[in-house]
Amino acid sequence: MNLYEALVAKNEKLAVIGLGYVGLPIAIEFAKKISVIGFDIKPDRIELMKKGIDPSRELESDAFNGCEILYTAITDDLKQAKFYIVAVPTPIDEHNLPDLKPLLSATETVGKVLKKGDYVVYESTVYPGCTEEDCVPLLEKLSGLKYIEDFKVGFSPERINPGDKEHTLTRIVKVSSGCDAESAEIIAKTYELIITAGVHRASSIKVAEAAKIIENTQRDINIAFMNELSLIFCRMGINTYEVLEAAGTKWNFLKFFPGLVGGHCIGVDPYYLVYKAKELGYHPQIISAGRFINDSMGGYVAKQTVKKIIAADKNVKDSRVLLMGVTFKEDVSDIRNSKVADIISELQSYGVKNIDIVDPFANHEEVAHEYGFKMTDGPHGKYDSIIVAVSHKDYINLSNSFFETYAGDGCVFVDVKGIYKNRRPKGLGYWSL
């Protein structure tokens with residue numbers, strides 16, 4: 001009986017290390033088929049999951065039903081597992097360099113409990129070569145076992161899109177790989193237990209790592225092109241979204257749009273590829289240029305807002321600004337690497353002190369802890385500028401009268417995502433990317 005068969009027969013257990021927006025859905029789906037151990041280093045998160053609550057607020061309580069899973073923050077509990085899936089964040093530091101501390105810490109945790117015949121599969125997005133060059137040596141060192149001979153390793157990149165209720169875990173084709181033919185097949189078959197869309201078997205771990213990182217890099221570059229077009233069209237006095245709407249009537253035009261590129265995927269992953277490329281002696285010009293453009297858009301939105309406030313004969317330092325939306329994308333609670341923070345910081349650098357920040361999804365305490373910004377429960381009074389920074393569904397359905405209620409004389413309306421371009425509130429100075 002091989003490991004796949006042992007898992008299906010529930011003679012062996014599968015463990016997921018890291019129960020965030022990626023790890024928890026994986027653990028829950030597997031727990032409907034086989035025995036699972038869900039491990040996270042934060043005991044408070046574990047207690048919530050035991051009660052059927054998703055700390056990331058992505059899953060409903062009924063998603064926890066019918067699952068054979070042990071939620072734990074105790075490392076020794078992982079000794080019961082034979083198949084480990086590592087799904088922890090891979091962020092960047094303040095210098096835009098890969099921060100592998102969470103990944104290596106999770107690898108240490110697994111290395112301490114690793115046994116002969118075990119499998120370790122990484123889902124965290126990394127640069128090609130990271131799994132075998134950075135993680136495997138640590139597993140060998142801590143376990144005293146030999147790679148391939150004693151334990152097997154694979155890579156199967158996560159493709160979960162936060163807030164997307166259509167492209168969910170089981171409905172997205174999974175890319176998988178292993179360190180040899182046997183492990184590659186066992187890993188693929190294990191994922192096929194839960195992935196209804198099918199599993200693509202990559203030829204090697206490096207290929208699987210590279211496939212994931214270029215998915216987000218491609219989107220980043222395309223969005224950067226749209227943002228650069230926005231910079232150009234703004235100087236021409238034409239609306240970028242109207243241009244894209246016209247161009248989009250051609251069958252082969254790629255429909256990307258300008259905007260703020262944050263979060264823990266598109267705004268981060270290209271830096272991993274840039275880092276590895278430079279390590280190999282090549283400076284990636286297009287990728288780096290795209291990152292520079294996208295990272296500067298928050299500041300650009302703030303500068304344009306300040307210019308419009310001045311043009312309306314208002315004192316910038318005395319102006320009141322309502323900023324709507326602070327999460328990194330629409331209809332999610334995740335605030336990590338939100339470029340809305342750049343808008344706020346840039347406004348403050350111009351002396352704007354009165355900024356009311358609202359968001360129906362963001363946690364006030366998390367925003368204060370992460371960025372030092374205090375949020376308000378809702379708008380009040382009149383504003384000199386209203387900035388709709390995130391296209392939450394709650395905002396898309398707002399009537400013009402809502403904005404007109406809170407708009408002062410000569411109010412500047414900044415529609416970052418262009419959601420109001422066809423129904424601009426009357427009496428407000430309108431601007432969008």
# chains A, B, ... in the order shown; residues from 1 in each chain; ligands from 1
call {"tool": "residues_around", "arguments": {"residues": "Ile309 of chain A", "least_positions_apart": "6", "cutoff": "9 Å", "atoms": "only C-alpha atoms", "output": "number ranges by chain"}}
result
A: 315-316, 319, 384-385, 410-412
call {"tool": "atom_distance", "arguments": {"atom1": "atom CA of Ile186 of chain A", "atom2": "atom CA of Pro102 of chain A"}}
result
26.5 Å
call {"tool": "select_by_dssp", "arguments": {"residues": "segment 86-180 of chain A", "states": "strand (DSSP E or B)", "output": "count of residues only"}}
result
17
call {"tool": "atom_distance", "arguments": {"atom1": "atom CA of Ile148 of chain A", "atom2": "atom CA of Cys179 of chain A"}}
result
7.0 Å
call {"tool": "closest_residue", "arguments": {"among": "A:Gln218, A:Asn252, A:Thr190, A:Thr405", "to": "Tyr119 of chain A", "atoms": "only C-alpha atoms"}}
result
A:Thr190
call {"tool": "atom_distance", "arguments": {"atom1": "atom CA of Ala407 of chain A", "atom2": "atom CA of Ile357 of chain A"}}
result
15.3 Å
call {"tool": "residues_around", "arguments": {"residues": "Glu370 of chain A", "least_positions_apart": "4", "cutoff": "12 Å", "atoms": "only C-alpha atoms", "output": "list of chain:residue names"}}
result
A:Val326, A:Thr327, A:Asp334, A:Ile335, A:Arg336, A:Asn337, A:Ser338, A:Ala341, A:Ala362, A:Asn363, A:His364, A:Glu365, A:Glu366, A:Lys374
call {"tool": "residues_around", "arguments": {"residues": "Tyr275 of chain A", "least_positions_apart": "5", "cutoff": "12 Å", "atoms": "only C-alpha atoms", "output": "PyMOL selection string"}}
result
chain A and resi 92+95-99+126-128+130+268-270+280-284+287-288
call {"tool": "write_last_selection", "arguments": {"atoms": "C-alpha atoms", "output": "PDB file, in the first residue's frame"}}
result
ATOM      1  CA  ILE A  92       8.734  40.853   1.072  1.00  0.00           C
ATOM      2  CA  HIS A  95      13.617  46.628   0.714  1.00  0.00           C
ATOM      3  CA  ASN A  96      11.311  44.577  -1.536  1.00  0.00           C
ATOM      4  CA  LEU A  97      13.432  41.479  -0.998  1.00  0.00           C
ATOM      5  CA  PRO A  98      11.971  38.013  -0.314  1.00  0.00           C
ATOM      6  CA  ASP A  99      11.201  37.412   3.344  1.00  0.00           C
ATOM      7  CA  VAL A 126       8.569  31.266  -4.116  1.00  0.00           C
ATOM      8  CA  TYR A 127      11.233  31.876  -6.740  1.00  0.00           C
ATOM      9  CA  PRO A 128      12.258  28.854  -8.843  1.00  0.00           C
ATOM     10  CA  CYS A 130      13.675  27.859  -3.409  1.00  0.00           C
ATOM     11  CA  VAL A 268       4.684  40.765  -4.033  1.00  0.00           C
ATOM     12  CA  ASP A 269       5.477  37.769  -6.254  1.00  0.00           C
ATOM     13  CA  PRO A 270       7.258  39.668  -9.081  1.00  0.00           C
ATOM     14  CA  LEU A 280      21.813  34.914 -11.672  1.00  0.00           C
ATOM     15  CA  GLY A 281      23.321  38.106 -13.103  1.00  0.00           C
ATOM     16  CA  TYR A 282      20.338  39.378 -15.096  1.00  0.00           C
ATOM     17  CA  HIS A 283      18.430  42.604 -14.426  1.00  0.00           C
ATOM     18  CA  PRO A 284      14.776  42.110 -15.492  1.00  0.00           C
ATOM     19  CA  ILE A 287       9.218  43.296 -14.572  1.00  0.00           C
ATOM     20  CA  SER A 288      11.060  45.953 -12.547  1.00  0.00           C
TER      21      SER A 288
END
call {"tool": "select_by_dssp", "arguments": {"residues": "segment 16-257 of chain A", "states": "helix (DSSP H, G or I)", "output": "compact mmCIF listing (two decimals) with N, CA and C atoms, in the first residue's frame"}}
result
# COMPACT_ATOMS: atom_id res chain seq x y z
N GLY A 23 -4.44 27.91 3.46
CA GLY A 23 -4.35 26.63 4.16
C GLY A 23 -5.65 26.08 4.69
N LEU A 24 -6.51 26.95 5.24
CA LEU A 24 -7.76 26.46 5.83
C LEU A 24 -8.69 25.81 4.80
N PRO A 25 -8.94 26.45 3.64
CA PRO A 25 -9.78 25.77 2.65
C PRO A 25 -9.22 24.42 2.20
N ILE A 26 -7.90 24.34 2.08
CA ILE A 26 -7.27 23.07 1.70
C ILE A 26 -7.52 22.01 2.77
N ALA A 27 -7.28 22.39 4.02
CA ALA A 27 -7.48 21.45 5.13
C ALA A 27 -8.91 20.96 5.19
N ILE A 28 -9.86 21.87 5.02
CA ILE A 28 -11.27 21.51 5.11
C ILE A 28 -11.70 20.59 3.97
N GLU A 29 -11.25 20.88 2.76
CA GLU A 29 -11.62 20.03 1.62
C GLU A 29 -11.05 18.62 1.79
N PHE A 30 -9.80 18.52 2.21
CA PHE A 30 -9.21 17.19 2.42
C PHE A 30 -9.91 16.45 3.57
N ALA A 31 -10.32 17.22 4.60
CA ALA A 31 -10.94 16.61 5.77
C ALA A 31 -12.30 16.00 5.47
N PRO A 43 -2.68 30.17 18.64
CA PRO A 43 -3.73 29.43 19.36
C PRO A 43 -5.10 30.10 19.29
N ASP A 44 -5.14 31.44 19.25
CA ASP A 44 -6.43 32.13 19.20
C ASP A 44 -7.17 31.83 17.89
N ARG A 45 -6.42 31.69 16.80
CA ARG A 45 -7.03 31.32 15.52
C ARG A 45 -7.54 29.87 15.57
N ILE A 46 -6.77 29.01 16.21
CA ILE A 46 -7.18 27.61 16.35
C ILE A 46 -8.51 27.51 17.10
N GLU A 47 -8.66 28.28 18.15
CA GLU A 47 -9.89 28.24 18.94
C GLU A 47 -11.10 28.69 18.11
N LEU A 48 -10.90 29.68 17.25
CA LEU A 48 -11.99 30.13 16.39
C LEU A 48 -12.40 29.03 15.42
N MET A 49 -11.40 28.35 14.83
CA MET A 49 -11.71 27.29 13.86
C MET A 49 -12.40 26.10 14.52
N LYS A 50 -12.07 25.84 15.76
CA LYS A 50 -12.75 24.76 16.50
C LYS A 50 -14.23 25.07 16.66
N SER A 61 -19.76 29.22 8.09
CA SER A 61 -19.67 28.24 9.17
C SER A 61 -20.02 26.82 8.72
N ASP A 62 -20.94 26.70 7.74
CA ASP A 62 -21.33 25.36 7.29
C ASP A 62 -20.22 24.64 6.52
N ALA A 63 -19.19 25.39 6.10
CA ALA A 63 -18.05 24.77 5.39
C ALA A 63 -17.29 23.82 6.31
N PHE A 64 -17.43 24.02 7.62
CA PHE A 64 -16.70 23.20 8.60
C PHE A 64 -17.41 21.88 8.89
N THR A 75 3.03 21.38 18.20
CA THR A 75 3.90 20.76 17.19
C THR A 75 3.89 19.23 17.27
N ASP A 76 3.88 18.68 18.48
CA ASP A 76 3.93 17.23 18.64
C ASP A 76 2.76 16.52 17.96
N ASP A 77 1.64 17.22 17.81
CA ASP A 77 0.48 16.61 17.15
C ASP A 77 0.78 16.28 15.68
N LEU A 78 1.74 16.99 15.11
CA LEU A 78 2.09 16.78 13.70
C LEU A 78 2.81 15.45 13.47
N LYS A 79 3.29 14.85 14.54
CA LYS A 79 3.98 13.57 14.40
C LYS A 79 3.05 12.47 13.88
N GLN A 80 1.75 12.69 14.02
CA GLN A 80 0.76 11.70 13.55
C GLN A 80 0.64 11.69 12.03
N LYS A 101 11.26 34.11 6.19
CA LYS A 101 11.17 33.70 7.61
C LYS A 101 9.96 32.82 7.90
N PRO A 102 8.75 33.19 7.45
CA PRO A 102 7.60 32.31 7.73
C PRO A 102 7.75 30.93 7.09
N LEU A 103 8.28 30.90 5.86
CA LEU A 103 8.45 29.64 5.15
C LEU A 103 9.48 28.75 5.84
N LEU A 104 10.61 29.33 6.21
CA LEU A 104 11.67 28.56 6.86
C LEU A 104 11.27 28.14 8.27
N SER A 105 10.48 28.96 8.94
CA SER A 105 9.99 28.60 10.27
C SER A 105 9.05 27.41 10.18
N ALA A 106 8.18 27.42 9.16
CA ALA A 106 7.27 26.28 8.96
C ALA A 106 8.06 25.03 8.58
N THR A 107 9.13 25.22 7.79
CA THR A 107 9.98 24.10 7.39
C THR A 107 10.68 23.51 8.61
N GLU A 108 11.10 24.35 9.53
CA GLU A 108 11.72 23.87 10.78
C GLU A 108 10.73 23.03 11.58
N THR A 109 9.49 23.52 11.63
CA THR A 109 8.45 22.78 12.37
C THR A 109 8.26 21.39 11.79
N VAL A 110 8.21 21.30 10.47
CA VAL A 110 8.05 20.00 9.81
C VAL A 110 9.31 19.16 9.98
N GLY A 111 10.47 19.78 9.85
CA GLY A 111 11.74 19.06 9.95
C GLY A 111 11.90 18.35 11.29
N CYS A 130 13.75 27.63 -4.86
CA CYS A 130 13.68 27.86 -3.41
C CYS A 130 13.38 26.57 -2.64
N THR A 131 12.44 25.78 -3.13
CA THR A 131 12.05 24.56 -2.41
C THR A 131 13.24 23.63 -2.20
N GLU A 132 13.99 23.39 -3.27
CA GLU A 132 15.10 22.44 -3.19
C GLU A 132 16.39 23.05 -2.66
N GLU A 133 16.56 24.36 -2.83
CA GLU A 133 17.80 25.01 -2.41
C GLU A 133 17.74 25.57 -0.99
N ASP A 134 16.56 25.99 -0.55
CA ASP A 134 16.43 26.61 0.77
C ASP A 134 15.71 25.73 1.78
N CYS A 135 14.66 25.05 1.35
CA CYS A 135 13.83 24.27 2.28
C CYS A 135 14.34 22.85 2.51
N VAL A 136 14.69 22.16 1.43
CA VAL A 136 15.13 20.77 1.55
C VAL A 136 16.35 20.60 2.46
N PRO A 137 17.40 21.43 2.32
CA PRO A 137 18.56 21.29 3.21
C PRO A 137 18.18 21.45 4.69
N LEU A 138 17.22 22.31 4.98
CA LEU A 138 16.78 22.50 6.36
C LEU A 138 16.03 21.28 6.86
N LEU A 139 15.21 20.68 6.00
CA LEU A 139 14.51 19.45 6.37
C LEU A 139 15.51 18.33 6.67
N GLU A 140 16.54 18.22 5.83
CA GLU A 140 17.57 17.19 6.03
C GLU A 140 18.32 17.41 7.34
N LYS A 141 18.69 18.66 7.59
CA LYS A 141 19.47 18.99 8.78
C LYS A 141 18.71 18.66 10.06
N LEU A 142 17.44 19.05 10.13
CA LEU A 142 16.67 18.88 11.36
C LEU A 142 16.17 17.46 11.57
N SER A 143 15.92 16.75 10.47
CA SER A 143 15.39 15.39 10.59
C SER A 143 16.48 14.32 10.62
N LEU A 169 -11.30 26.81 -4.61
CA LEU A 169 -10.21 25.84 -4.59
C LEU A 169 -10.44 24.63 -5.49
N THR A 170 -11.58 23.99 -5.37
CA THR A 170 -11.82 22.74 -6.10
C THR A 170 -12.07 22.96 -7.59
N ARG A 171 -12.42 24.21 -7.96
CA ARG A 171 -12.77 24.51 -9.35
C ARG A 171 -11.62 25.08 -10.16
N ALA A 181 9.52 10.54 -10.11
CA ALA A 181 8.30 10.09 -10.79
C ALA A 181 7.27 9.55 -9.80
N GLU A 182 7.72 8.77 -8.83
CA GLU A 182 6.81 8.18 -7.86
C GLU A 182 6.10 9.25 -7.03
N SER A 183 6.87 10.18 -6.48
CA SER A 183 6.27 11.22 -5.63
C SER A 183 5.37 12.14 -6.44
N ALA A 184 5.77 12.44 -7.68
CA ALA A 184 4.96 13.31 -8.53
C ALA A 184 3.57 12.74 -8.73
N GLU A 185 3.49 11.43 -8.94
CA GLU A 185 2.20 10.78 -9.18
C GLU A 185 1.38 10.68 -7.89
N ILE A 186 2.00 10.34 -6.80
CA ILE A 186 1.27 10.23 -5.53
C ILE A 186 0.73 11.59 -5.09
N ILE A 187 1.53 12.64 -5.26
CA ILE A 187 1.10 14.00 -4.90
C ILE A 187 -0.08 14.43 -5.78
N ALA A 188 0.02 14.17 -7.08
CA ALA A 188 -1.05 14.54 -8.01
C ALA A 188 -2.34 13.80 -7.67
N LYS A 189 -2.23 12.51 -7.42
CA LYS A 189 -3.42 11.71 -7.10
C LYS A 189 -4.05 12.15 -5.78
N THR A 190 -3.22 12.56 -4.83
CA THR A 190 -3.73 13.04 -3.55
C THR A 190 -4.55 14.32 -3.75
N TYR A 191 -4.05 15.23 -4.56
CA TYR A 191 -4.80 16.46 -4.83
C TYR A 191 -6.07 16.17 -5.65
N ILE A 205 9.84 20.33 -9.93
CA ILE A 205 9.48 21.29 -8.89
C ILE A 205 9.76 22.71 -9.36
N LYS A 206 10.89 22.93 -10.02
CA LYS A 206 11.25 24.26 -10.51
C LYS A 206 10.25 24.79 -11.53
N VAL A 207 9.77 23.91 -12.40
CA VAL A 207 8.78 24.31 -13.40
C VAL A 207 7.49 24.76 -12.70
N ALA A 208 7.07 24.01 -11.69
CA ALA A 208 5.86 24.36 -10.95
C ALA A 208 6.05 25.70 -10.22
N GLU A 209 7.22 25.91 -9.63
CA GLU A 209 7.50 27.17 -8.94
C GLU A 209 7.46 28.34 -9.93
N ALA A 210 8.08 28.14 -11.08
CA ALA A 210 8.14 29.20 -12.10
C ALA A 210 6.76 29.50 -12.67
N ALA A 211 5.94 28.46 -12.87
CA ALA A 211 4.60 28.65 -13.42
C ALA A 211 3.78 29.56 -12.54
N LYS A 212 3.85 29.33 -11.23
CA LYS A 212 3.08 30.15 -10.30
C LYS A 212 3.54 31.60 -10.32
N ILE A 213 4.83 31.80 -10.29
CA ILE A 213 5.34 33.17 -10.14
C ILE A 213 5.10 34.02 -11.39
N ILE A 214 5.06 33.37 -12.57
CA ILE A 214 4.81 34.18 -13.76
C ILE A 214 3.32 34.48 -13.95
N GLU A 215 2.44 33.68 -13.33
CA GLU A 215 1.00 33.97 -13.40
C GLU A 215 0.74 35.38 -12.86
N ASN A 216 1.25 35.65 -11.67
CA ASN A 216 1.03 36.96 -11.04
C ASN A 216 1.89 38.05 -11.66
N THR A 217 3.08 37.69 -12.13
CA THR A 217 3.95 38.68 -12.77
C THR A 217 3.33 39.16 -14.08
N GLN A 218 2.72 38.24 -14.82
CA GLN A 218 2.05 38.62 -16.07
C GLN A 218 0.93 39.62 -15.80
N ARG A 219 0.12 39.36 -14.78
CA ARG A 219 -0.96 40.29 -14.44
C ARG A 219 -0.40 41.63 -14.00
N ASP A 220 0.67 41.60 -13.25
CA ASP A 220 1.27 42.83 -12.75
C ASP A 220 1.74 43.72 -13.91
N ILE A 221 2.38 43.10 -14.88
CA ILE A 221 2.89 43.85 -16.04
C ILE A 221 1.74 44.42 -16.87
N ASN A 222 0.70 43.63 -17.06
CA ASN A 222 -0.45 44.11 -17.84
C ASN A 222 -1.16 45.28 -17.15
N ILE A 223 -1.29 45.18 -15.84
CA ILE A 223 -1.92 46.28 -15.09
C ILE A 223 -1.02 47.51 -15.11
N ALA A 224 0.29 47.30 -15.04
CA ALA A 224 1.23 48.42 -15.10
C ALA A 224 1.10 49.17 -16.42
N PHE A 225 0.89 48.43 -17.50
CA PHE A 225 0.69 49.07 -18.81
C PHE A 225 -0.57 49.94 -18.78
N MET A 226 -1.64 49.42 -18.18
CA MET A 226 -2.87 50.20 -18.06
C MET A 226 -2.65 51.45 -17.21
N ASN A 227 -1.88 51.29 -16.12
CA ASN A 227 -1.60 52.44 -15.26
C ASN A 227 -0.77 53.49 -15.98
N GLU A 228 0.17 53.04 -16.80
CA GLU A 228 0.97 54.00 -17.56
C GLU A 228 0.11 54.72 -18.60
N LEU A 229 -0.81 53.99 -19.20
CA LEU A 229 -1.74 54.63 -20.13
C LEU A 229 -2.57 55.69 -19.40
N SER A 230 -2.95 55.38 -18.16
CA SER A 230 -3.73 56.33 -17.38
C SER A 230 -2.94 57.61 -17.13
N LEU A 231 -1.66 57.47 -16.85
CA LEU A 231 -0.80 58.64 -16.65
C LEU A 231 -0.76 59.51 -17.90
N ILE A 232 -0.71 58.84 -19.05
CA ILE A 232 -0.64 59.56 -20.34
C ILE A 232 -1.97 60.21 -20.67
N PHE A 233 -3.05 59.44 -20.55
CA PHE A 233 -4.37 59.95 -20.93
C PHE A 233 -4.85 61.07 -20.01
N CYS A 234 -4.40 61.04 -18.76
CA CYS A 234 -4.75 62.12 -17.83
C CYS A 234 -4.22 63.45 -18.36
N ARG A 235 -3.01 63.41 -18.91
CA ARG A 235 -2.41 64.64 -19.47
C ARG A 235 -3.12 65.07 -20.75
N MET A 236 -3.78 64.13 -21.39
CA MET A 236 -4.51 64.44 -22.62
C MET A 236 -5.95 64.89 -22.33
N THR A 240 -9.45 57.16 -19.15
CA THR A 240 -8.83 55.87 -19.51
C THR A 240 -9.87 54.77 -19.67
N TYR A 241 -10.86 54.74 -18.79
CA TYR A 241 -11.86 53.68 -18.85
C TYR A 241 -12.71 53.78 -20.11
N GLU A 242 -12.95 54.99 -20.56
CA GLU A 242 -13.69 55.17 -21.81
C GLU A 242 -12.87 54.70 -23.01
N VAL A 243 -11.56 54.94 -22.94
CA VAL A 243 -10.66 54.47 -24.00
C VAL A 243 -10.65 52.94 -24.03
N LEU A 244 -10.55 52.33 -22.86
CA LEU A 244 -10.50 50.87 -22.78
C LEU A 244 -11.82 50.24 -23.20
N GLU A 245 -12.92 50.92 -22.90
CA GLU A 245 -14.23 50.42 -23.31
C GLU A 245 -14.32 50.38 -24.83
N ALA A 246 -13.80 51.42 -25.48
CA ALA A 246 -13.81 51.46 -26.95
C ALA A 246 -12.86 50.41 -27.53
N ALA A 247 -11.64 50.33 -26.98
CA ALA A 247 -10.65 49.37 -27.49
C ALA A 247 -11.10 47.94 -27.25
call {"tool": "closest_residue", "arguments": {"among": "A:Thr196, A:Thr90, A:Ser204, A:Ser399", "to": "Gly178 of chain A", "atoms": "only C-alpha atoms"}}
result
A:Ser204
call {"tool": "residues_around", "arguments": {"residues": "Asp150 of chain A", "least_positions_apart": "3", "cutoff": "9 Å", "atoms": "only C-alpha atoms", "output": "PDB file with N, CA and C atoms, in the first residue's frame"}}
result
ATOM      1  N   LYS A 115       9.578  11.991   9.424  1.00  0.00           N
ATOM      2  CA  LYS A 115       9.925  10.588   9.583  1.00  0.00           C
ATOM      3  C   LYS A 115      10.248   9.964   8.229  1.00  0.00           C
ATOM      4  N   LYS A 116      10.858   8.843   8.249  1.00  0.00           N
ATOM      5  CA  LYS A 116      11.185   8.145   7.015  1.00  0.00           C
ATOM      6  C   LYS A 116       9.902   7.778   6.282  1.00  0.00           C
ATOM      7  N   GLY A 117       9.865   8.071   4.975  1.00  0.00           N
ATOM      8  CA  GLY A 117       8.700   7.777   4.158  1.00  0.00           C
ATOM      9  C   GLY A 117       7.704   8.927   4.066  1.00  0.00           C
ATOM     10  N   ASP A 118       7.958  10.027   4.783  1.00  0.00           N
ATOM     11  CA  ASP A 118       7.043  11.171   4.764  1.00  0.00           C
ATOM     12  C   ASP A 118       7.149  11.980   3.471  1.00  0.00           C
ATOM     13  N   LEU A 145      17.448  12.950   8.022  1.00  0.00           N
ATOM     14  CA  LEU A 145      17.082  12.069   6.913  1.00  0.00           C
ATOM     15  C   LEU A 145      17.642  12.586   5.597  1.00  0.00           C
ATOM     16  N   LYS A 146      17.656  11.713   4.592  1.00  0.00           N
ATOM     17  CA  LYS A 146      18.191  12.077   3.292  1.00  0.00           C
ATOM     18  C   LYS A 146      17.063  12.293   2.279  1.00  0.00           C
ATOM     19  N   TYR A 147      17.164  13.422   1.567  1.00  0.00           N
ATOM     20  CA  TYR A 147      16.175  13.807   0.560  1.00  0.00           C
ATOM     21  C   TYR A 147      16.053  12.741  -0.527  1.00  0.00           C
TER      22      TYR A 147
END
call {"tool": "closest_residue", "arguments": {"among": "A:Pro379, A:Gly38, A:Ile266, A:His369", "to": "Pro91 of chain A", "atoms": "only C-alpha atoms"}}
result
A:Ile266
